[in-house]
Amino acid sequence: MRMNRQAESVHIRWRLETTDSVQDLAWSPDGRWLAVAVVSGSLTVADGATGDLRQNWLGHAGGTLKVAWSRDSRWLASSGQDGCARVWDITSGEERLQLVTGNAWVGDVSFSPYADLLITAAGKELRAWSLDGQPLHHIQPHISTITALAWHPQQPLLASTAYSQVHLWDWGNPAAPGEQILLHSSPLLNACWAPNGQYLACGCQDNSLRCWTWPELTDFQMSGYASKVCALAWDRASHWLATGDREIITLWDFTRGPPTGKVPLNIEGPFATVRELAFQPDGDWLATGDQSGHLLVWALNDQGYRLIWQGTLRGGFQRLAWHPRERLLAVGGEDGTVAVFEFA
């Protein structure tokens with residue numbers, strides 16, 4: 001692992017070696033724990049400050065796909081290729097729930113930030129569960145496999161994407177969620193709400209970016225990408241939307257509303273297909289990772305951007321996650337390396 005120090009002093013707070021390629025990373029909401037899932041299925045929970053192991057579970061046979069924390073940082077949910085979602089107790093180390101979805105694999109899992117509610121996405125089906133394992137609602141199949149789940153930042157509204165549709169679910173009443181459907185002409189790959197709750201952005205298979213305003217649900221589109229838009233990230237003020245498109249990161253300025261008809265900023269760094277983007281939750285830094293193992297952090301302001309740090313994993317890059325409050329960036333690699341970088 002190589003690091004190039006530029007404007008900021010950076011060091012590795014801690015690192016660990018897992019058994020296989022990192023599939024997912026997630027900090028607990030209180031910042032105390034980092035959960036790591038690997039392709040072979042095992043789950044690890046490490047102390048966020050020291051890297052000391054708190055728990056290590058076998059996880060899911062066939063592979064673990066996603067992990068998610070409850071809002072109180074007490075429970076960790078995971079989904080995998082054994083047809084189950086599982087909920088783990090961080091304190092006792094026990095498996096608290098095993099939720100059978102009826103599908104061969106569970107692609108995603110998400111706790112509600114607003115209630116004791118767990119959502120699973122398995123194939124075309126969305127299900128809601130109470131935290132004692134009781135099924136609350138089984139939603140009729142989507143038009144195709146569910147590709148993304150995204151909670152609204154200020155209300156119990158969940159967006160789920162499948163093929164050319166966005167479903168907006170109001171979970172104010174878990175027994176009977178309200179539904180609205182938004183349509184697009186091309187398959188939708190991901191979904192990301194702006195922190196101010198005013199926009200929902202989706203990357204599309206047809207090399208475009210589709211957005212909707214909330215609550216008006218007026219839609220607008222930005223096109224001209226060279227390939228499908230596989231990565232999205234908003235800054236904390238909802239001024240910048242960053243998108244990843246092969247070797248280019250595009251920055252759209254939402255300061256004065258939808259940027260339709262405006263020329264975006266393009267960052268053309270040493271990228272070999274951008275895999276993930278993430279803005280610092282409590283700052284203005286944008287972290288990026290590509291398939292060759294390059295890691296870069298950019299500082300953004302009203303005048304544009306500047307590169308403040310870059311590093312390289314010895315294997316390919318897989319996932320990254322900012323700490324919810326501190327200047328800590330967790331990174332996972334294809335070779336199983338997990339490293340937490342600290343920015344002074």
# chains A, B, ... in the order shown; residues from 1 in each chain; ligands from 1
call {"tool": "residues_around", "arguments": {"residues": "Asp245 of chain A", "least_positions_apart": "3", "cutoff": "8 Å", "atoms": "only C-alpha atoms", "output": "PyMOL selection string"}}
result
chain A and resi 225-231+248-250+273-274
call {"tool": "write_last_selection", "arguments": {"atoms": "C-alpha atoms", "output": "compact mmCIF listing (two decimals), in the first residue's frame"}}
result
# COMPACT_ATOMS: atom_id res chain seq x y z
CA TYR A 225 -21.87 10.36 -20.46
CA ALA A 226 -19.56 7.93 -22.22
CA SER A 227 -20.94 4.95 -20.27
CA LYS A 228 -23.54 4.03 -17.67
CA VAL A 229 -23.46 6.03 -14.42
CA CYS A 230 -22.42 3.53 -11.76
CA ALA A 231 -21.46 5.78 -8.83
CA ILE A 248 -14.11 10.65 -15.35
CA ILE A 249 -15.81 12.13 -12.27
CA THR A 250 -18.47 14.71 -13.13
CA THR A 273 -12.88 2.91 -14.12
CA VAL A 274 -14.31 4.62 -11.02
call {"tool": "residues_around", "arguments": {"residues": "Leu16 of chain A", "least_positions_apart": "3", "cutoff": "10 Å", "atoms": "only C-alpha atoms", "output": "list in words"}}
result
Ala46, Gly51, Asp52, Leu53, Gly332, Gly336, Thr337, Val338, Ala339 and Val340 of chain A
call {"tool": "write_last_selection", "arguments": {"atoms": "N, CA and C atoms", "output": "compact mmCIF listing (two decimals), in the first residue's frame"}}
result
# COMPACT_ATOMS: atom_id res chain seq x y z
N ALA A 46 -15.00 -4.63 13.84
CA ALA A 46 -13.78 -4.15 14.49
C ALA A 46 -14.05 -2.85 15.23
N GLY A 51 -9.07 -0.93 15.73
CA GLY A 51 -9.03 -2.08 14.83
C GLY A 51 -9.14 -3.41 15.55
N ASP A 52 -9.22 -3.40 16.88
CA ASP A 52 -9.37 -4.66 17.63
C ASP A 52 -10.66 -5.35 17.24
N LEU A 53 -10.62 -6.67 17.08
CA LEU A 53 -11.80 -7.42 16.67
C LEU A 53 -12.81 -7.50 17.82
N GLY A 332 -11.58 -0.96 1.64
CA GLY A 332 -11.44 -2.40 1.51
C GLY A 332 -10.94 -2.77 0.13
N GLY A 336 -8.44 -8.52 0.35
CA GLY A 336 -8.89 -8.71 1.71
C GLY A 336 -8.36 -7.68 2.70
N THR A 337 -7.54 -6.76 2.24
CA THR A 337 -7.01 -5.72 3.13
C THR A 337 -8.09 -4.71 3.49
N VAL A 338 -8.17 -4.37 4.77
CA VAL A 338 -9.01 -3.27 5.25
C VAL A 338 -8.08 -2.29 5.96
N ALA A 339 -8.13 -1.04 5.54
CA ALA A 339 -7.28 -0.02 6.16
C ALA A 339 -8.13 1.20 6.51
N VAL A 340 -7.83 1.81 7.65
CA VAL A 340 -8.50 3.04 8.06
C VAL A 340 -7.45 4.15 8.05
call {"tool": "closest_atom_pairs", "arguments": {"of": "segment 20-85 of chain A", "to": "segment 102-107 of chain A", "cutoff": "12 Å", "atoms": "only C-alpha atoms", "output": "JSON lines"}}
result
{"residue": "A:His60", "atom": "CA", "partner": "A:Trp105", "partner_atom": "CA", "distance": 10.0}
{"residue": "A:Ala61", "atom": "CA", "partner": "A:Trp105", "partner_atom": "CA", "distance": 10.4}
{"residue": "A:Gly62", "atom": "CA", "partner": "A:Trp105", "partner_atom": "CA", "distance": 9.3}
{"residue": "A:Gly63", "atom": "CA", "partner": "A:Trp105", "partner_atom": "CA", "distance": 9.5}
{"residue": "A:Thr64", "atom": "CA", "partner": "A:Val106", "partner_atom": "CA", "distance": 9.1}
{"residue": "A:Leu65", "atom": "CA", "partner": "A:Gly107", "partner_atom": "CA", "distance": 6.3}
{"residue": "A:Lys66", "atom": "CA", "partner": "A:Gly107", "partner_atom": "CA", "distance": 7.1}
{"residue": "A:Val67", "atom": "CA", "partner": "A:Gly107", "partner_atom": "CA", "distance": 10.3}
{"residue": "A:Ala77", "atom": "CA", "partner": "A:Val106", "partner_atom": "CA", "distance": 11.6}
{"residue": "A:Ser78", "atom": "CA", "partner": "A:Val106", "partner_atom": "CA", "distance": 9.0}
{"residue": "A:Ser79", "atom": "CA", "partner": "A:Val106", "partner_atom": "CA", "distance": 5.3}
{"residue": "A:Gly80", "atom": "CA", "partner": "A:Val106", "partner_atom": "CA", "distance": 5.3}
{"residue": "A:Gln81", "atom": "CA", "partner": "A:Trp105", "partner_atom": "CA", "distance": 4.1}
{"residue": "A:Asp82", "atom": "CA", "partner": "A:Trp105", "partner_atom": "CA", "distance": 5.6}
{"residue": "A:Gly83", "atom": "CA", "partner": "A:Trp105", "partner_atom": "CA", "distance": 4.2}
{"residue": "A:Cys84", "atom": "CA", "partner": "A:Val106", "partner_atom": "CA", "distance": 6.3}
{"residue": "A:Ala85", "atom": "CA", "partner": "A:Val106", "partner_atom": "CA", "distance": 6.7}
call {"tool": "write_last_selection", "arguments": {"atoms": "N, CA and C atoms", "output": "compact mmCIF listing (two decimals), in the first residue's frame"}}
result
# COMPACT_ATOMS: atom_id res chain seq x y z
N HIS A 60 -22.90 -15.69 5.76
CA HIS A 60 -23.82 -16.36 4.85
C HIS A 60 -23.08 -17.36 3.97
N ALA A 61 -23.59 -18.57 3.91
CA ALA A 61 -23.04 -19.57 3.01
C ALA A 61 -23.23 -19.09 1.57
N GLY A 62 -22.19 -19.19 0.77
CA GLY A 62 -22.27 -18.72 -0.61
C GLY A 62 -21.87 -17.29 -0.78
N GLY A 63 -21.79 -16.52 0.31
CA GLY A 63 -21.33 -15.13 0.22
C GLY A 63 -22.27 -14.15 0.88
N THR A 64 -21.69 -13.16 1.54
CA THR A 64 -22.45 -12.04 2.11
C THR A 64 -22.41 -10.88 1.12
N LEU A 65 -23.56 -10.23 0.91
CA LEU A 65 -23.66 -9.18 -0.10
C LEU A 65 -23.70 -7.77 0.48
N LYS A 66 -24.48 -7.56 1.54
CA LYS A 66 -24.64 -6.22 2.11
C LYS A 66 -24.70 -6.30 3.63
N VAL A 67 -24.30 -5.20 4.27
CA VAL A 67 -24.46 -5.05 5.72
C VAL A 67 -25.09 -3.69 6.00
N ALA A 77 -27.36 -5.92 10.47
CA ALA A 77 -28.09 -6.80 9.54
C ALA A 77 -27.19 -7.13 8.36
N SER A 78 -27.37 -8.32 7.82
CA SER A 78 -26.60 -8.74 6.65
C SER A 78 -27.51 -9.50 5.70
N SER A 79 -27.16 -9.46 4.43
CA SER A 79 -27.90 -10.21 3.42
C SER A 79 -26.92 -11.04 2.62
N GLY A 80 -27.40 -12.15 2.04
CA GLY A 80 -26.46 -12.99 1.34
C GLY A 80 -27.11 -13.97 0.39
N GLN A 81 -26.30 -14.89 -0.10
CA GLN A 81 -26.71 -15.82 -1.13
C GLN A 81 -27.21 -17.16 -0.57
N ASP A 82 -27.67 -17.14 0.67
CA ASP A 82 -28.29 -18.31 1.27
C ASP A 82 -29.80 -18.14 1.41
N GLY A 83 -30.35 -17.06 0.79
CA GLY A 83 -31.79 -16.83 0.85
C GLY A 83 -32.27 -16.20 2.13
N CYS A 84 -31.34 -15.75 2.99
CA CYS A 84 -31.72 -15.21 4.29
C CYS A 84 -31.14 -13.81 4.50
N ALA A 85 -31.82 -13.06 5.33
CA ALA A 85 -31.24 -11.88 5.97
C ALA A 85 -31.03 -12.25 7.43
call {"tool": "residues_around", "arguments": {"residues": "Tyr305 of chain A", "least_positions_apart": "5", "cutoff": "12 Å", "atoms": "only C-alpha atoms", "output": "PyMOL selection string"}}
result
chain A and resi 240+242+249-251+265-269+284-286+297-300
call {"tool": "atom_distance", "arguments": {"atom1": "atom CA of Ala35 of chain A", "atom2": "atom CA of Arg13 of chain A"}}
result
16.1 Å
call {"tool": "atom_distance", "arguments": {"atom1": "atom CA of Ser223 of chain A", "atom2": "atom CA of Gly257 of chain A"}}
result
17.2 Å
call {"tool": "residues_around", "arguments": {"residues": "segment 119-123 of chain A", "least_positions_apart": "5", "cutoff": "6 Å", "atoms": "only C-alpha atoms", "output": "list in words"}}
result
Val106, Gly107, Asp108, Val109, Ser110, Ala128 and Thr145 of chain A
call {"tool": "atom_distance", "arguments": {"atom1": "atom CA of Val38 of chain A", "atom2": "atom CA of Gln23 of chain A"}}
result
4.7 Å
call {"tool": "residues_around", "arguments": {"residues": "Gly224 of chain A", "least_positions_apart": "2", "cutoff": "10 Å", "atoms": "only C-alpha atoms", "output": "PDB file with N, CA and C atoms, in the first residue's frame"}}
result
ATOM      1  N   ASP A 206     -28.632   3.932 -19.849  1.00  0.00           N
ATOM      2  CA  ASP A 206     -28.514   4.588 -21.155  1.00  0.00           C
ATOM      3  C   ASP A 206     -27.520   5.752 -21.143  1.00  0.00           C
ATOM      4  N   ASN A 207     -26.530   5.710 -20.224  1.00  0.00           N
ATOM      5  CA  ASN A 207     -25.491   6.740 -20.151  1.00  0.00           C
ATOM      6  C   ASN A 207     -26.056   8.113 -19.811  1.00  0.00           C
ATOM      7  N   SER A 208     -26.998   8.148 -18.875  1.00  0.00           N
ATOM      8  CA  SER A 208     -27.579   9.422 -18.450  1.00  0.00           C
ATOM      9  C   SER A 208     -27.793   9.411 -16.943  1.00  0.00           C
ATOM     10  N   LEU A 209     -28.106  10.596 -16.420  1.00  0.00           N
ATOM     11  CA  LEU A 209     -28.424  10.790 -15.016  1.00  0.00           C
ATOM     12  C   LEU A 209     -29.842  11.328 -14.933  1.00  0.00           C
ATOM     13  N   MET A 222     -29.668  14.678 -17.157  1.00  0.00           N
ATOM     14  CA  MET A 222     -28.387  15.117 -17.689  1.00  0.00           C
ATOM     15  C   MET A 222     -27.786  13.953 -18.476  1.00  0.00           C
ATOM     16  N   ALA A 226     -20.139   8.899 -21.299  1.00  0.00           N
ATOM     17  CA  ALA A 226     -19.556   7.927 -22.223  1.00  0.00           C
ATOM     18  C   ALA A 226     -19.985   6.501 -21.898  1.00  0.00           C
ATOM     19  N   SER A 227     -20.503   6.283 -20.685  1.00  0.00           N
ATOM     20  CA  SER A 227     -20.939   4.952 -20.273  1.00  0.00           C
ATOM     21  C   SER A 227     -22.004   5.099 -19.197  1.00  0.00           C
TER      22      SER A 227
END
call {"tool": "residues_around", "arguments": {"residues": "Val45 of chain A", "least_positions_apart": "5", "cutoff": "8 Å", "atoms": "only C-alpha atoms", "output": "ChimeraX atom specification"}}
result
/A:33-36,53-56
call {"tool": "write_last_selection", "arguments": {"atoms": "N, CA and C atoms", "output": "CSV table (one decimal), in the first residue's frame"}}
result
chain,number,residue,atom,x,y,z
A,33,TRP,N,-18.0,1.3,15.7
A,33,TRP,CA,-17.6,0.0,15.1
A,33,TRP,C,-17.6,0.1,13.5
A,34,LEU,N,-16.7,-0.7,12.9
A,34,LEU,CA,-16.7,-0.9,11.5
A,34,LEU,C,-17.0,-2.3,11.2
A,35,ALA,N,-18.1,-2.5,10.4
A,35,ALA,CA,-18.4,-3.9,9.9
A,35,ALA,C,-17.8,-4.2,8.6
A,36,VAL,N,-17.3,-5.4,8.4
A,36,VAL,CA,-16.7,-5.8,7.1
A,36,VAL,C,-17.3,-7.1,6.7
A,53,LEU,N,-10.6,-6.7,17.1
A,53,LEU,CA,-11.8,-7.4,16.7
A,53,LEU,C,-12.8,-7.5,17.8
A,54,ARG,N,-14.1,-7.2,17.5
A,54,ARG,CA,-15.1,-7.3,18.5
A,54,ARG,C,-15.9,-8.6,18.2
A,55,GLN,N,-16.2,-8.9,17.0
A,55,GLN,CA,-17.0,-10.1,16.6
A,55,GLN,C,-16.5,-10.6,15.3
A,56,ASN,N,-16.6,-11.9,15.1
A,56,ASN,CA,-16.3,-12.5,13.8
A,56,ASN,C,-17.3,-13.7,13.6
call {"tool": "closest_residue", "arguments": {"among": "A:Gly289, A:Pro156, A:Gly59, A:Pro215", "to": "Ser112 of chain A", "atoms": "only C-alpha atoms"}}
result
A:Pro156
